[in-house]
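Below is the file upload-v5.cif, which contains mmCIF, N, CA and C atoms.
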```cif
data_data
#
loop_
_atom_site.label_atom_id
_atom_site.label_comp_id
_atom_site.auth_asym_id
_atom_site.auth_seq_id
_atom_site.Cartn_x
_atom_site.Cartn_y
_atom_site.Cartn_z
N SER H 12 99.06 53.49 132.77
CA SER H 12 99.27 54.71 132.01
C SER H 12 98.80 55.94 132.76
N GLY H 13 98.02 55.74 133.80
CA GLY H 13 97.59 56.86 134.63
C GLY H 13 96.79 57.90 133.86
N SER H 14 97.09 59.15 134.14
CA SER H 14 96.33 60.25 133.56
C SER H 14 96.53 60.40 132.06
N SER H 15 97.57 59.80 131.51
CA SER H 15 97.82 59.91 130.08
C SER H 15 97.11 58.83 129.27
N ALA H 16 96.43 57.90 129.94
CA ALA H 16 95.71 56.84 129.23
C ALA H 16 94.55 57.45 128.44
N PRO H 17 94.26 56.87 127.29
CA PRO H 17 93.13 57.38 126.50
C PRO H 17 91.80 57.07 127.19
N GLY H 18 90.81 57.89 126.88
CA GLY H 18 89.46 57.63 127.35
C GLY H 18 88.99 58.46 128.52
N TRP H 19 89.91 59.13 129.22
CA TRP H 19 89.50 59.98 130.34
C TRP H 19 88.90 61.27 129.82
N SER H 20 87.91 61.78 130.52
CA SER H 20 87.45 63.14 130.23
C SER H 20 88.54 64.11 130.66
N GLU H 21 88.46 65.34 130.23
CA GLU H 21 89.47 66.34 130.61
C GLU H 21 89.55 66.45 132.14
N HIS H 22 88.39 66.50 132.79
CA HIS H 22 88.35 66.65 134.24
C HIS H 22 88.93 65.42 134.94
N ASP H 23 88.50 64.22 134.53
CA ASP H 23 89.00 63.00 135.18
C ASP H 23 90.51 62.85 135.00
N ALA H 24 91.00 63.17 133.81
CA ALA H 24 92.46 63.11 133.58
C ALA H 24 93.17 64.10 134.49
N ALA H 25 92.57 65.27 134.71
CA ALA H 25 93.19 66.28 135.58
C ALA H 25 93.20 65.80 137.03
N VAL H 26 92.15 65.11 137.47
CA VAL H 26 92.13 64.57 138.83
C VAL H 26 93.27 63.56 139.00
N LEU H 27 93.37 62.64 138.05
CA LEU H 27 94.45 61.65 138.13
C LEU H 27 95.83 62.31 138.04
N ARG H 28 95.98 63.26 137.12
CA ARG H 28 97.25 63.97 136.98
C ARG H 28 97.58 64.72 138.27
N GLY H 29 96.55 65.28 138.91
CA GLY H 29 96.76 65.98 140.17
C GLY H 29 97.31 65.07 141.25
N VAL H 30 96.76 63.86 141.34
CA VAL H 30 97.28 62.89 142.31
C VAL H 30 98.72 62.55 141.97
N GLU H 31 98.98 62.30 140.70
CA GLU H 31 100.35 61.98 140.27
C GLU H 31 101.31 63.12 140.63
N GLU H 32 100.90 64.35 140.38
CA GLU H 32 101.76 65.50 140.67
C GLU H 32 101.99 65.67 142.17
N LEU H 33 100.93 65.52 142.95
CA LEU H 33 101.07 65.69 144.40
C LEU H 33 102.00 64.64 144.99
N ILE H 34 101.90 63.41 144.52
CA ILE H 34 102.77 62.36 145.04
C ILE H 34 104.21 62.55 144.57
N ALA H 35 104.40 62.92 143.31
CA ALA H 35 105.76 63.06 142.77
C ALA H 35 106.42 64.38 143.14
N ASP H 36 105.67 65.48 143.05
CA ASP H 36 106.25 66.82 143.17
C ASP H 36 105.77 67.59 144.40
N HIS H 37 104.74 67.08 145.06
CA HIS H 37 104.16 67.73 146.25
C HIS H 37 103.52 69.07 145.93
N VAL H 38 103.09 69.24 144.68
CA VAL H 38 102.43 70.48 144.27
C VAL H 38 101.65 70.20 142.99
N LEU H 39 100.54 70.92 142.81
CA LEU H 39 99.79 70.84 141.55
C LEU H 39 100.35 71.86 140.58
N SER H 40 100.47 71.46 139.33
CA SER H 40 100.90 72.41 138.30
C SER H 40 99.78 73.41 138.04
N ASP H 41 100.15 74.54 137.49
CA ASP H 41 99.15 75.55 137.12
C ASP H 41 98.16 74.97 136.11
N GLU H 42 98.67 74.17 135.18
CA GLU H 42 97.80 73.58 134.16
C GLU H 42 96.73 72.68 134.79
N THR H 43 97.13 71.83 135.72
CA THR H 43 96.18 70.95 136.37
C THR H 43 95.19 71.75 137.22
N TRP H 44 95.70 72.71 137.97
CA TRP H 44 94.84 73.55 138.80
C TRP H 44 93.79 74.25 137.93
N ASN H 45 94.22 74.83 136.83
CA ASN H 45 93.30 75.56 135.96
C ASN H 45 92.27 74.64 135.32
N THR H 46 92.67 73.44 134.98
CA THR H 46 91.71 72.48 134.42
C THR H 46 90.67 72.09 135.47
N LEU H 47 91.11 71.80 136.67
CA LEU H 47 90.18 71.46 137.75
C LEU H 47 89.25 72.63 138.08
N ALA H 48 89.78 73.84 137.97
CA ALA H 48 88.99 75.03 138.29
C ALA H 48 87.84 75.25 137.31
N LYS H 49 87.87 74.59 136.18
CA LYS H 49 86.75 74.68 135.23
C LYS H 49 85.51 73.98 135.78
N SER H 50 85.72 72.97 136.65
CA SER H 50 84.61 72.16 137.16
C SER H 50 84.38 72.32 138.66
N TRP H 51 85.42 72.70 139.38
CA TRP H 51 85.33 72.76 140.84
C TRP H 51 85.35 74.20 141.33
N ASN H 52 84.65 74.41 142.47
CA ASN H 52 84.71 75.73 143.10
C ASN H 52 85.96 75.82 143.98
N GLU H 53 86.18 76.97 144.56
CA GLU H 53 87.41 77.19 145.35
C GLU H 53 87.53 76.22 146.52
N GLN H 54 86.42 75.95 147.19
CA GLN H 54 86.44 75.02 148.33
C GLN H 54 86.87 73.63 147.88
N GLN H 55 86.38 73.16 146.75
CA GLN H 55 86.76 71.85 146.24
C GLN H 55 88.23 71.81 145.84
N LEU H 56 88.71 72.89 145.24
CA LEU H 56 90.12 72.96 144.86
C LEU H 56 91.03 72.89 146.08
N ILE H 57 90.65 73.58 147.13
CA ILE H 57 91.46 73.59 148.36
C ILE H 57 91.41 72.23 149.04
N GLU H 58 90.25 71.57 148.99
CA GLU H 58 90.08 70.28 149.65
C GLU H 58 90.87 69.16 148.95
N PHE H 59 91.08 69.27 147.65
CA PHE H 59 91.71 68.19 146.88
C PHE H 59 93.09 67.78 147.42
N PRO H 60 94.04 68.69 147.60
CA PRO H 60 95.33 68.23 148.13
C PRO H 60 95.24 67.68 149.56
N PHE H 61 94.29 68.18 150.35
CA PHE H 61 94.08 67.62 151.68
C PHE H 61 93.62 66.16 151.59
N MET H 62 92.69 65.89 150.68
CA MET H 62 92.16 64.55 150.51
C MET H 62 93.26 63.58 150.05
N VAL H 63 94.04 64.00 149.06
CA VAL H 63 95.14 63.15 148.58
C VAL H 63 96.13 62.91 149.71
N GLY H 64 96.48 63.94 150.44
CA GLY H 64 97.41 63.81 151.55
C GLY H 64 96.91 62.88 152.63
N GLN H 65 95.61 62.91 152.89
CA GLN H 65 95.03 62.03 153.90
C GLN H 65 95.16 60.57 153.48
N TYR H 66 94.88 60.28 152.21
CA TYR H 66 95.03 58.91 151.72
C TYR H 66 96.49 58.45 151.78
N VAL H 67 97.41 59.34 151.46
CA VAL H 67 98.83 58.99 151.53
C VAL H 67 99.23 58.73 152.98
N ALA H 68 98.76 59.56 153.90
CA ALA H 68 99.09 59.38 155.32
C ALA H 68 98.54 58.05 155.83
N ILE H 69 97.33 57.69 155.42
CA ILE H 69 96.75 56.41 155.84
C ILE H 69 97.60 55.26 155.29
N ALA H 70 98.01 55.36 154.03
CA ALA H 70 98.84 54.31 153.43
C ALA H 70 100.17 54.18 154.18
N TYR H 71 100.80 55.31 154.52
CA TYR H 71 102.06 55.26 155.27
C TYR H 71 101.86 54.52 156.60
N THR H 72 100.79 54.87 157.28
CA THR H 72 100.52 54.26 158.58
C THR H 72 100.23 52.78 158.46
N GLN H 73 99.36 52.40 157.53
CA GLN H 73 99.03 50.98 157.36
C GLN H 73 100.25 50.17 156.93
N ASN H 74 101.06 50.73 156.05
CA ASN H 74 102.26 50.01 155.61
C ASN H 74 103.27 49.86 156.74
N THR H 75 103.45 50.92 157.52
CA THR H 75 104.39 50.87 158.63
C THR H 75 103.95 49.89 159.71
N LEU H 76 102.65 49.85 159.97
CA LEU H 76 102.12 48.94 160.98
C LEU H 76 101.89 47.53 160.44
N ARG H 77 102.20 47.35 159.15
CA ARG H 77 102.07 46.04 158.49
C ARG H 77 100.64 45.51 158.58
N VAL H 78 99.67 46.39 158.38
CA VAL H 78 98.27 45.99 158.39
C VAL H 78 98.03 45.08 157.19
N PRO H 79 97.60 43.85 157.42
CA PRO H 79 97.42 42.93 156.30
C PRO H 79 96.17 43.26 155.48
N LEU H 80 96.21 42.88 154.22
CA LEU H 80 95.03 43.02 153.38
C LEU H 80 93.98 42.01 153.83
N ALA H 81 92.73 42.32 153.56
CA ALA H 81 91.66 41.36 153.84
C ALA H 81 91.87 40.12 152.98
N ASP H 82 91.40 38.99 153.45
CA ASP H 82 91.59 37.73 152.74
C ASP H 82 91.07 37.78 151.30
N TYR H 83 90.02 38.53 151.07
CA TYR H 83 89.41 38.62 149.73
C TYR H 83 90.11 39.62 148.81
N ASN H 84 91.10 40.34 149.32
CA ASN H 84 91.77 41.38 148.55
C ASN H 84 93.15 40.90 148.12
N PRO H 85 93.34 40.61 146.82
CA PRO H 85 94.63 40.12 146.36
C PRO H 85 95.71 41.21 146.27
N GLY H 86 95.32 42.46 146.40
CA GLY H 86 96.28 43.56 146.35
C GLY H 86 96.68 43.95 144.93
N LEU H 87 97.43 45.02 144.82
CA LEU H 87 97.82 45.54 143.51
C LEU H 87 98.78 44.62 142.77
N SER H 88 99.50 43.78 143.50
CA SER H 88 100.46 42.90 142.84
C SER H 88 99.79 41.87 141.93
N SER H 89 98.50 41.67 142.10
CA SER H 89 97.78 40.70 141.26
C SER H 89 97.32 41.31 139.93
N ARG H 90 97.49 42.61 139.77
CA ARG H 90 97.05 43.27 138.54
C ARG H 90 98.00 42.96 137.40
N PRO H 91 97.45 42.81 136.19
CA PRO H 91 98.32 42.52 135.02
C PRO H 91 99.22 43.68 134.67
#
```
Please express the file's structure as structure tokens.
Amino acid sequence: SGSSAPGWSEHDAAVLRGVEELIADHVLSDETWNTLAKSWNEQQLIEFPFMVGQYVAIAYTQNTLRVPLADYNPGLSSRP
């Protein structure tokens, strides 16, 4: 359910929604930005899309190079 799942604080839901928006739309909505700005300073706001982008870039590289999961890691496909 991602960011729309019940139980998240306003801030945590905004972090998850921000990741969802960056991956789907490549931009944060004004609503998400404004919610994050309630808790984060300008430096943290600017760093957020860089951090998400870095994780996406690492995933692209590992997937392309076919880096296997560790033996103890069943991967996301094992989730219900």
DSSP-assigned helix (DSSP H, G or I) among chain H, expressed as a ChimeraX atom specification: /H:13-15,21-36,41-48,53-75,87-89
Let me make sure I understand: among H:Asn84, H:Arg77, H:Ile69, H:Pro60, which one has the smallest atom-to-atom distance to H:Ile34 if we use only C-alpha atoms?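 Among the listed residues, the smallest separation from H:Ile34 belongs to H:Pro60.
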I need the residue set behind the PyMOL selection byres ((chain H and resi 29) around 8) for this file; please write it as a list in words. Ser14, Asp23, Ala24, Ala25, Val26, Leu27, Arg28, Val30, Glu31, Glu32, Leu33, Ile34, Ala35, Val38, Leu39, Ser40, Thr43, Trp44, Phe59, Pro60 and Val63 of chain H
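The two atoms in question, atom CA of H:His37 and atom CA of H:Gly64, are spaced 9.4 Å apart.
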At what distance in Å, to one decimal, does atom N of H:Met62 lie from atom C of H:Trp19?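 So the two atoms, atom C of H:Trp19 and atom N of H:Met62, lie 21.7 Å apart.
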3 Å per side around stretch 59-70 of chain H: axis-aligned box centre and edge lengths, as lines of an AutoDock Vina configuration file:
```
center_x = 95.6
center_y = 61.7
center_z = 151.4
size_x = 15.1
size_y = 21.1
size_z = 15.0
```
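Interatomic distance, atom N of H:Ser20 to atom C of H:Tyr66: 23.2 Å.
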Select, from H:Leu76, H:Val67, H:Ser12, H:His22, the residue with the minimum atom-to-atom distance to H:Thr46, counting all atoms listed in the file.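 Of all the options, H:His22 lies closest to H:Thr46.
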Would you mind listing what lies within 8 Å of H:Leu56 as a list of chain:residue names, with only N, CA and C atoms counted and same-chain residues fewer than 6 positions away left out?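 Residues near the query, excluding close chain neighbours: H:Trp44, H:Leu47, H:Ala48, H:Ser50.
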Let me see the file: selected residues, N, CA and C atoms, as a PDB file, keeping the file's coordinate frame.
```pdb
ATOM      1  N   TRP H  44      95.700  72.710 137.970  1.00  0.00           N
ATOM      2  CA  TRP H  44      94.840  73.550 138.800  1.00  0.00           C
ATOM      3  C   TRP H  44      93.790  74.250 137.930  1.00  0.00           C
ATOM      4  N   LEU H  47      91.110  71.800 136.670  1.00  0.00           N
ATOM      5  CA  LEU H  47      90.180  71.460 137.750  1.00  0.00           C
ATOM      6  C   LEU H  47      89.250  72.630 138.080  1.00  0.00           C
ATOM      7  N   ALA H  48      89.780  73.840 137.970  1.00  0.00           N
ATOM      8  CA  ALA H  48      88.990  75.030 138.290  1.00  0.00           C
ATOM      9  C   ALA H  48      87.840  75.250 137.310  1.00  0.00           C
ATOM     10  N   SER H  50      85.720  72.970 136.650  1.00  0.00           N
ATOM     11  CA  SER H  50      84.610  72.160 137.160  1.00  0.00           C
ATOM     12  C   SER H  50      84.380  72.320 138.660  1.00  0.00           C
TER      13      SER H  50
END
```
